[in-house]
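I have placed the structure first, in the form of C-alpha cells, so that the comments after it can refer back to it.
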Amino acid sequence: MSNRDLVLKKIKSHENRVKEAKRVLTYLEKLEEPNINRIKDIKRIINFLEHELDVKKVAMKLTELQIGVHQKH
C-alpha cells in the first residue's frame with residue numbers, strides 16, 4: 001500500500017469521526033433536557049475535527065501537486 005493510499009485511508013477515518021461526532025450532537029440536542037455545556041463541548045470538538053480534516057485534505061492536494069510537478073521534470 002502506497003503512502004498516498006495510507007493518507008487517504010486516514011482522511012476517510014477522520015471523516016467518519018466527524019460524522020460520528022455530528023450524530024452524537026444531534027442525539028444530545030434531541031434529549032428532553034439537553035445538557036447545554038455538553039452540547040457546547042461537542043460543537044467545539046466538531047469544529048476542531050472539521051478544521052483538522054480540512055488541513056489534511058489541503059496537505060494531500062499540495063502533495064499531489066508537488067508529485068505532479070516532479071513527474072513532469
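A note on labels: chains of the C-alpha cells are A, B, ... as shown, every chain counts residues from 1, and ligands are counted from 1 in their shown order.
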**Asked** Do you know which residues are at most 12 Å from segment 26-31 of chain A counting only C-alpha atoms, after dropping those on the same chain fewer than 4 positions away, and could you put them as a VMD selection string?
**Response** chain A and resid 19 to 22 35 to 43 46
Would you put the residues from that selection into a file with C-alpha atoms, as a CSV table (one decimal), in the first residue's frame?
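Everything below was put into out_23.csv:
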```csv
chain,number,residue,atom,x,y,z
A,19,LYS,CA,-19.8,12.1,11.1
A,20,GLU,CA,-20.0,10.3,14.5
A,21,ALA,CA,-19.5,13.5,16.5
A,22,LYS,CA,-22.3,15.1,14.5
A,35,ASN,CA,-27.0,19.5,28.8
A,36,ILE,CA,-26.0,22.8,27.3
A,37,ASN,CA,-22.4,22.5,28.4
A,38,ARG,CA,-22.0,19.1,26.9
A,39,ILE,CA,-23.6,20.4,23.6
A,40,LYS,CA,-21.1,23.3,23.6
A,41,ASP,CA,-18.2,20.9,24.1
A,42,ILE,CA,-19.3,18.6,21.3
A,43,LYS,CA,-19.7,21.6,19.0
A,46,ILE,CA,-16.7,19.1,15.8
```
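One finds atom CA of Ser2 of chain A at 22.2 Å from atom CA of Glu52 of chain A.
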**Prompt:** What does the distance from atom CA of Thr63 of chain A to atom CA of Lys9 of chain A come to in Å, to one decimal?
**Reply:**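 Separation between atom CA of Thr63 of chain A and atom CA of Lys9 of chain A: 15.4 Å.
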**Complete:** If you count only C-alpha atoms, the residue of A:Leu25, A:Ile67, A:Lys12, A:Asn3 closest to Asp54 of chain A turns out to be A:Lys12
**Message:** Which residue is closest to Ala59 of chain A? Choose from A:Arg44, A:Leu8, A:Glu32, A:Val18 and count only C-alpha atoms.
**Reply:**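 For Ala59 of chain A, the nearest of the candidates is A:Leu8.
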